[in-house]
Structure formats: structure tokens, C-alpha cells
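Visitor: For reference, the structure I am asking about is given below.
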Amino acid sequence: MSRDEGSASGKLKIGDHWNAITIIALSQNNPLKAIAEFVENSIDAGARNVTIVRGKHQGEHYLKIADDGSGIQDFRYVATHIGDSIKRELKRKGEKGLQGEFWIGLLSFWTVGETCTITSAGPDGTARSMKLVKGNPSYAIRDAGTLFGRPGTELLIRPILAGVRALSGDKIQNFLASELRDRIAKSGVRIKILDHASRRELVVEPRKFKGRLIHQLPEARCPFGEVYLELYFAEPSPETLVGIYKQGTRVLPDISRLDAFARSPWTSRYIEGIVDAPFLQLTPGTRDGIVLDEAFDSFRIALEPVEDALEALLVEQRKAEEEEASRQILHRVTRAFREAFLHLPSEEYGWLAAKTREGRRFGSEPGEGEGRGSAGGAGSEGSGLVPGEESPLGPGQSGAAEGSGEASPPGPEDTTFGEYMPEPLDRPEELQKSFFQYAGPLHKLLISPASSVIGVGESRKLRAVARDRSGRTVDSDVRFEWRIFEGAGSLEGTDSAYAEYTAPEEPCIVTIELRATQGETLLVANALITVTAELVRRPAGTSAAGRRGLPGYTYRRAPGELWRSRYDPEQSVIYINNAHADFVFASRHPMTKVRYIARLFAKELVLANFPEADREELLERMVELTLYTEENLR
């Protein structure tokens with residue numbers, strides 16, 4: 001072998017043209033993408049109206065796309081210049097807004113149906129048609145033989161492939177609304193879908209993002225051109241994605257599918273929108289891939305400042321969500337304990353020490369009570385926060401309680417801790433009730449307290465609690481009737497919402513019956529009072545004066561330590577170990593987390609209310625309190 005025969009150079013050539021065309025035609029495997037390409041051809045032709053028809057004729061399913069654009073000037077050129085679109089030349093001459101440059105999009109009909117017939121009027125006004133058959137290298141051009149009567153092009157594919165028949169008009173509409181979002185908006189084209197199968201007419205509107213538009217993002221510039229960004233904060237969901245576009249046409253629905261962007265913030269599912277880079281090189285045929293060349297690398301670098309800005313916004317967003325979630329949890333837990341205390345003896349259970357700002361109470365003026373915390377204690381005058389600890393509730397939101405910023409001595413009725421009302425999540429701007437705040441018909445009745453223990457000769461005030469189906473208090477058009485159903489003693493105020501029972505001089509068990517009537521509705525409730533000669537008093541230091549609500553809670557990360565929660569009465573705050581395995585397990589589901597935190601509050605309440613009880617009694621009290629509390633968690 002000579003030296004000349006061992007080395008050679010030249011140009012690559014296609015050995016089998018039809019085989020190359022077949023490979024190109026089969027490279028598009030998404031029929032929806034193929035339909036989008038047909039519509040884009042209409043937009044490139046200057047169409048103002050595009051109609052997509054999905055129907056059935058003589059037993060064959062078909063898909064037709066008709067437009068009023070400039071039409072096809074030379075069918076023979078189209079058929080004999082696969083891979084050399086005239087758009088390529090127009091782009092070189094400065095024409096903008098055109099998509100495609102290889103003239104291979106037409107071949108994607110192979111993924112939709114068996115034959116493709118294109119009809120269009122030429123420059124002389126004569127309508128001609130060209131027929132292509134899947135898997136056949138031949139084409140046929142002939143006069144249409146009918147009056148076309150209008151400018152534009154009509155593309156008819158039939159019969160439709162069996163798997164494509166499932167593409168409903170809704171699916172086509174939703175796909176085009178996202179795929180051609182900016183192209184539709186900028187061109188003003190009207191796309192209509194006639195779905196004869198479902199007898200519906202649909203209009204394709206550019207997709208509108210539901211989130212909050214993110215302003216003041218850094219500009220993304222690179223040597224190859226400018227990157228257009230339109231990003232929104234949205235509710236996290238699997239459908240919240242950022243798509244990559246090229247000149248208004250979607251290339252990838254999810255930017256994180258690219259390895260270079262498979263990280264936060266693109267994978268956070270908090271951000272949706274579009275990133276449009278007109279200089280990116282697409283893979284021919286599928287047009288849903290990007291060539292990872294120098295332009296792409298420059299694009300990646302240009303988005304780095306944007307990523308940093310989005311990450312900072314995500315940190316703020318997640319922190320705000322954690323604060324709101326913790327605030328909601330505390331409100332739900334407090335409400336559940338309030339309901340539980342209606343059923344439990346008030347002389348046995350009391351609230352923990354907690355304070356609240358006057359500015360958050362009903363009827364207070366804005367700004368009143370500022371500077372006071374919501375959970376009392378050392379530090380910034382009752383802030384309820386410990387130096388170095390970060391509360392999940394945020395400033396001024398660490399507790400829910402009743403009363404003003406400073407503890408006041410208990411009044412004569414303060415021993416009834418079931419009277420506690422949790423603070424509203426948001427202070428109303430005005431006291432006038434909205435329609436949905438008015439109570440409905442009477443649905444539930446109970447007595448507060450439902451169970452109590454008093455000494456012989458002592459009195460106990462009882463309150464009727466009437467509610468509608470939604471839990472709102474019914475305080476009008478209700479008649480009450482109290483009576484001693486079983487046992488001794490006396491009752492006063494037997495026809496009002498409040499009654500007072502006086503025990504006899506002998507121990508006994510008394511059942512109080514309450515009847516409530518509203519119209520034809522009659523409800524009955526019972527309360528049990530145990531009258532004893534020796535009443536167990538609270539140990540010193542556990543009076544009701546300091547037990548007026550639930551304190552706030554804060555997280556303290558203590559990995560490897562066994563404690564789950566600790567109550568600090570000086571700071572009036574409950575510490576929750578968020579590194580404990582139980583907390584991590586419970587945090588997987590929102591409701592499980594709420595129940596876990598409620599049980600921690602129940603534990604601290606039991607320990608504070610029964611400091612001298614033995615282990616068995618503490619466990620019994622824990623079961624009792626969690627039973628009534630978890631029934632009301634919602």
C-alpha cells in the first residue's frame with residue numbers, strides 16, 4: 001500500500017438519501033410536537049387565523065390544519081429540498097421571527113398519520129395539492145380540481161394512527177398554549193380547534209402563569225445575545241416548571257432536565273415561567289433538545305447571577321411559609337385544647353403562663369401595645385424569645401393567649417379556663433361581621449365544664465355552649481332550661497345561658513341536664529359534678545393567675561439528645577427538638593406534624609398541672625387530655 005493510498009480527505013456524502021430521509025422523519029416521536037410544527041409553519045407564513053379540525057370521514061379519523069397565510073409557492077421545491085428550507089435563506093437576509101431552517105418539520109406527519117395532503121393556491125391563483133405517503137419516497141403534485149376560493153394552505157393527514165386518536169381537542173389546546181405561548185402572543189394569530197368527536201370548539205390562548213411575577217432580576221447577557229426572563233413565584237407542585245424557549249417557541253418544558261440546571265432553584269417547584277434564548281442551537285428533527293456547544297455554555301454562565309437572586313428569594317419564601325405554618329399550627333393546637341378543656345375539670349387543668357400584645361386583641365387600635373411580646377419572660381419585655389433562638393412564628397407571634405401584655409390577678413370567674421378563646425389568626429380591620437360569620441341553625445350543645453370536682457357546700461358556675469354545624473357560637477333565638485337530672489343540690493339561673501350550682505353538705509355525684517330549643521330543634525347535654533368532702537388543692541405556685549393561655553414554641557436543634565420538648569416558665573416558651581427522630585418522622589406529613597406538636601403541648605400541660613403526680617397518674621392524665629384534644633384537631 002502506497003503512502004497516498006493510506007491517507008485521504010474529502011467531503012462526507014449521503015450514501016442512501018431515502019434512508020437518511022426515513023431517519024429524519026422518524027426522529028420526531030411526539031405527535032403533539034408535530035402538530036405544533038404544522039401550526040408554526042402557518043405562523044411563519046403570516047397567517048392570522050389557523051383552524052385545527054379533528055374528525056372522522058367515511059370511517060377514517062383525520063386531522064386537518066387550515067390557515068390564511070401566504071401559501072406555498074412551489075410544491076416541487078418543497079419536495080426536493082429536504083434539509084434546505086427557504087427559511088434559512090430568509091434568515092440570512094435578516095428576516096426575523098421565523099422558526100425552522102431544515103425543511104424537515106413536514107416529515108413529522110409520519111408520527112401522526114399515514115398520508116399527508118397539502119393544498120394551496122399558487123401565485124397564479126390555481127389550487128394545487130401535493131400528496132406524501134408514510135414510508136414511500138414518491139410524491140405527487142396535481143391540480144386540486146376544486147375551487148379553493150381563499151389564500152392560505154390546508155394540510156390533511158389521514159388516517160390517523162391508532163395511538164394518536166386519543167389526542168383530544170383539550171390536549172392539543174393545552175399543549176399549543178404552552179408550546180407556542182409567545183409566538184401566539186406576539187403574532188396575534190387566532191388558533192381555533194374544532195373537535196367533531198366531542199362536538200366542541202376550542203380557542204388556543206397563550207398560557208397565563210398563576211404565580212406572582214418576580215421583579216428586579218439581574219439581566220442575563222452573554223456574547224451570543226440577550227436572554228429573556230419571565231419568572232413567577234407559584235404554589236409548589238409538580239406542574240410548576242421553568243421552560244426553555246427559542247424565539248417564543250418552547251424547546252424544553254423543564255429546564256432542570258438539562259444536567260447543567262438540575263439543581264435549585266430550577267428544581268424547587270416554587271418557580272415557573274420562561275427562559276428564552278434565541279441563540280441556542282436545537283437538535284434537528286425533534287427540536288426538543290439543545291446542542292451543548294459554546295453558545296449553551298455562555299447561556300449557562302449568564303444565568304448564574306439569576307440563580308443566586310432566585311435562591312435568596314426562595315430562602316425568604318420558605319422562611320415566611322414556615323412562620324405561617326407554625327402560626328397556623330399554634331392556632332389549631334390552642335383551639336383543640338380549648339375544646340378539650342370544655343370537657344375536663346377546670347380545677348384540675350389550667351393554661352400555661354402566656355401573654356399577648358394588646359395590639360392583637362379585638363377592639364384595639366393599630367400600633368397599640370407595640371414593644372410587648374406575646375409570650376412574656378426575660379429579654380425584650382415579654383418577647384417570649386430567648387437570645388440565640390429563632391422562633392418559627394416570627395417576631396411578636398410566639399404565643400396565643402388571653403389578656404393584656406402583663407398578667408393580671410384572676411377575677412372571680414378566672415378559674416374556668418375553658419372560657420379561653422384563642423386569638424384570631426388575623427386581626428379584623430373592622431368589627432362588622434361578614435355574611436359567613438353569622439351563626440347558622442343550632443347543631444351542637446354542651447356544658448362547660450362538662451366535668452368538675454367541688455367541695456361540699458361550694459358553688460360552680462356552668463355555661464351553655466350552643467354552636468352551629470361550622471362551630472360558630474349560636475347566641476340568639478335559643479331557649480335554655482337547666483335542671484338537676486340526678487343527685488342533690490340547687491340550681492340558679494335555670495332559664496339563661498349561665499347557671500350556678502350549689503352543692504349539698506353531703507358528698508355525692510350530680511348530673512346536670514341542659515335542654516336548648518331553637519324553633520323545632522331540641523338538643524340535650526349533660527355535665528357531671530363530683531361533690532367531695534376533701535378537695536385536693538393545687539400545690540403552691542400553680543394557681544390560675546399565671547395560667548392564661550398557651551405559650552409560643554421555638555425550635556432548638558439538639559441531635560443525639562433524647563428530649564422532645566421542654567417548657568421554660570421563665571421565658572414562657574416551649575422548646576421543641578427539631579432534630580429528634582420523632583420530629584423528623586412527623587414532619588413528613590402536615591397533619592402528623594400538627595398532632596405531634598399537640599401531644600408535646602399536652603405533655604407540658606400535664607407536667608405543669610400535676611407536678612407532684614406519680615408516673616402512673618401522669619400517663620393517665622396524658623391519655624385523658626390527648627383524647628379530648630385530638631378529637632378537635634382540624
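Each chain of the C-alpha cells is named A, B, ... in the order shown, its residues numbered from 1; ligands are numbered from 1 in display order.
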Identify, on the basis of only C-alpha atoms, every residue whose closest approach to A:Tyr555 does not exceed 6 Å; exclude the query and any residue fewer than 3 positions from it along the same chain; express the result as a ChimeraX atom specification.
Guide: /A:575-578
Visitor: Once you have the residues from the selection above, write them out as a PDB file, in the first residue's frame, restricted to C-alpha atoms.
Guide:
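selection-v2.pdb was written with the following content:
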```
ATOM      1  CA  TYR A 575     -38.616  24.314  73.111  1.00  0.00           C
ATOM      2  CA  ILE A 576     -39.119  21.575  70.512  1.00  0.00           C
ATOM      3  CA  ASN A 577     -36.158  19.445  69.499  1.00  0.00           C
ATOM      4  CA  ASN A 578     -36.449  19.511  65.696  1.00  0.00           C
TER       5      ASN A 578
END
```
Visitor: So that I can check the surroundings of A:Glu604, please list as a list in words every protein, DNA and RNA residue that reaches within 7 Å of it, counting only C-alpha atoms and ignoring chain neighbours fewer than 4 positions away.
Guide: Tyr567, Leu600 and Ala608 of chain A
Visitor: For A:Val203, please output as a ChimeraX atom specification all residues within 12 Å (counting only C-alpha atoms; exclusion window: fewer than 5 positions along the same chain).
Guide: /A:49-53,169-170,172-174,176-177,184,189-195
Visitor: Distance atom CA of A:Arg250-atom CA of A:Ala277, one decimal place?
Guide: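 That distance, rounded to one decimal, is 10.4 Å.
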Visitor: What lies within 9 Å of stretch 211-218 of chain A using only C-alpha atoms, ignoring chain neighbours under 6 positions off, as a list in words?
Guide: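 Near stretch 211-218 of chain A, the qualifying residues are Leu229, Glu230, Leu231, Tyr232, Phe233, Ala234, Glu235, Ile271, Glu272, Leu303, Pro305, Val306, Ala309 and Leu310 of chain A.
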Visitor: Please, could you write that set of residues out with N, CA and C atoms as a JSON list (two decimals), in the first residue's frame?
Guide:
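Final file, again-v9.json:
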```
[["chain", "number", "residue", "atom", "x", "y", "z"],
["A", 229, "LEU", "N", -36.18, 36.76, 30.39],
["A", 229, "LEU", "CA", -36.66, 36.03, 31.57],
["A", 229, "LEU", "C", -38.04, 36.52, 31.96],
["A", 230, "GLU", "N", -38.93, 35.59, 32.21],
["A", 230, "GLU", "CA", -40.26, 35.90, 32.74],
["A", 230, "GLU", "C", -40.57, 34.80, 33.76],
["A", 231, "LEU", "N", -40.31, 35.09, 35.03],
["A", 231, "LEU", "CA", -40.40, 34.07, 36.07],
["A", 231, "LEU", "C", -41.40, 34.50, 37.14],
["A", 232, "TYR", "N", -42.07, 33.51, 37.72],
["A", 232, "TYR", "CA", -43.13, 33.75, 38.69],
["A", 232, "TYR", "C", -42.94, 32.85, 39.91],
["A", 233, "PHE", "N", -43.29, 33.38, 41.09],
["A", 233, "PHE", "CA", -43.41, 32.57, 42.29],
["A", 233, "PHE", "C", -44.80, 31.96, 42.29],
["A", 234, "ALA", "N", -44.88, 30.65, 42.50],
["A", 234, "ALA", "CA", -46.17, 29.97, 42.47],
["A", 234, "ALA", "C", -46.25, 28.96, 43.59],
["A", 235, "GLU", "N", -47.43, 28.41, 43.78],
["A", 235, "GLU", "CA", -47.60, 27.33, 44.75],
["A", 235, "GLU", "C", -46.80, 26.12, 44.29],
["A", 271, "ILE", "N", -40.95, 27.99, 41.33],
["A", 271, "ILE", "CA", -40.78, 28.99, 40.27],
["A", 271, "ILE", "C", -41.27, 28.42, 38.95],
["A", 272, "GLU", "N", -42.05, 29.20, 38.24],
["A", 272, "GLU", "CA", -42.49, 28.83, 36.90],
["A", 272, "GLU", "C", -42.26, 30.01, 35.97],
["A", 303, "LEU", "N", -26.81, 32.76, 33.36],
["A", 303, "LEU", "CA", -27.90, 32.55, 34.30],
["A", 303, "LEU", "C", -27.44, 32.42, 35.75],
["A", 305, "PRO", "N", -25.96, 34.62, 37.90],
["A", 305, "PRO", "CA", -26.46, 35.68, 38.80],
["A", 305, "PRO", "C", -27.96, 35.57, 39.06],
["A", 306, "VAL", "N", -28.70, 35.13, 38.05],
["A", 306, "VAL", "CA", -30.14, 34.94, 38.22],
["A", 306, "VAL", "C", -30.41, 33.84, 39.24],
["A", 309, "ALA", "N", -29.93, 35.17, 42.77],
["A", 309, "ALA", "CA", -31.04, 36.03, 43.19],
["A", 309, "ALA", "C", -32.28, 35.20, 43.53],
["A", 310, "LEU", "N", -32.55, 34.18, 42.72],
["A", 310, "LEU", "CA", -33.71, 33.33, 42.98],
["A", 310, "LEU", "C", -33.53, 32.52, 44.27]]
```
Visitor: Could you state the separation of atom CA of A:Ala602 and atom CA of A:Gly455 in Å, given to one decimal place?
Guide: 27.0 Å
Visitor: Quick one: distance from atom CA of A:Glu506 to atom CA of A:Ala450 in Å, one decimal?
Guide: 21.3 Å
Visitor: Please identify all polymer residues within 12 Å of A:Ser70, counting only C-alpha atoms, omitting same-chain residues fewer than 6 positions from it, and present them as a PyMOL selection string.
Guide: chain A and resi 41-49+120-123+125+150-154
Visitor: Please, could you write that set of residues out with C-alpha atoms as a CSV table (one decimal), in the first residue's frame?
Guide:
```
chain,number,residue,atom,x,y,z
A,41,ASN,CA,-45.4,26.8,9.6
A,42,SER,CA,-48.7,28.7,9.3
A,43,ILE,CA,-47.5,31.4,11.6
A,44,ASP,CA,-44.2,31.8,9.6
A,45,ALA,CA,-46.4,32.2,6.5
A,46,GLY,CA,-48.1,35.2,8.1
A,47,ALA,CA,-51.4,33.5,8.9
A,48,ARG,CA,-53.8,35.5,11.0
A,49,ASN,CA,-56.2,32.5,11.6
A,120,SER,CA,-52.5,25.6,-1.5
A,121,ALA,CA,-53.1,28.3,-4.2
A,122,GLY,CA,-50.0,29.4,-6.1
A,123,PRO,CA,-49.2,32.8,-7.4
A,125,GLY,CA,-54.4,31.5,-8.1
A,150,ARG,CA,-59.2,31.6,-0.5
A,151,PRO,CA,-55.5,32.2,0.2
A,152,GLY,CA,-53.5,30.0,2.6
A,153,THR,CA,-52.7,26.3,3.0
A,154,GLU,CA,-54.7,23.3,4.0
```
Visitor: Mind checking DSSP for stretch 60-305 of chain A and telling me the strand (DSSP E or B) residues as a PyMOL selection string?
Guide: chain A and resi 60-67+113-121+127-133+139-143+153-160+190-195+200-204+212-213+220-222+225-233+242-246+249-252+271-276+282+290
Visitor: Do you know which residues are at most 8 Å from A:Leu314 counting only C-alpha atoms, after dropping those on the same chain fewer than 4 positions away, and could you put them as a JSON list (two decimals) with C-alpha atoms, in the first residue's frame?
Guide:
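Final output, result-v4.json:
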```json
[["chain", "number", "residue", "atom", "x", "y", "z"],
["A", 265, "PRO", "CA", -33.72, 26.96, 42.20],
["A", 270, "TYR", "CA", -41.70, 27.20, 43.50],
["A", 310, "LEU", "CA", -33.71, 33.33, 42.98],
["A", 318, "ARG", "CA", -39.56, 29.27, 52.75]]
```
Visitor: With DSSP run on the backbone, what are the alpha helix (DSSP H) residues within stretch 24-226 of chain A? I'd like them as JSON, numbers by chain.
Guide: {"A": [24, 25, 26, 31, 32, 33, 34, 35, 36, 37, 38, 39, 40, 41, 42, 43, 44, 75, 76, 77, 78, 79, 80, 86, 87, 88, 89, 90, 91, 92, 169, 170, 171, 172, 173, 174, 175, 176, 177, 178, 179, 181, 182, 183, 184, 185, 186, 187]}
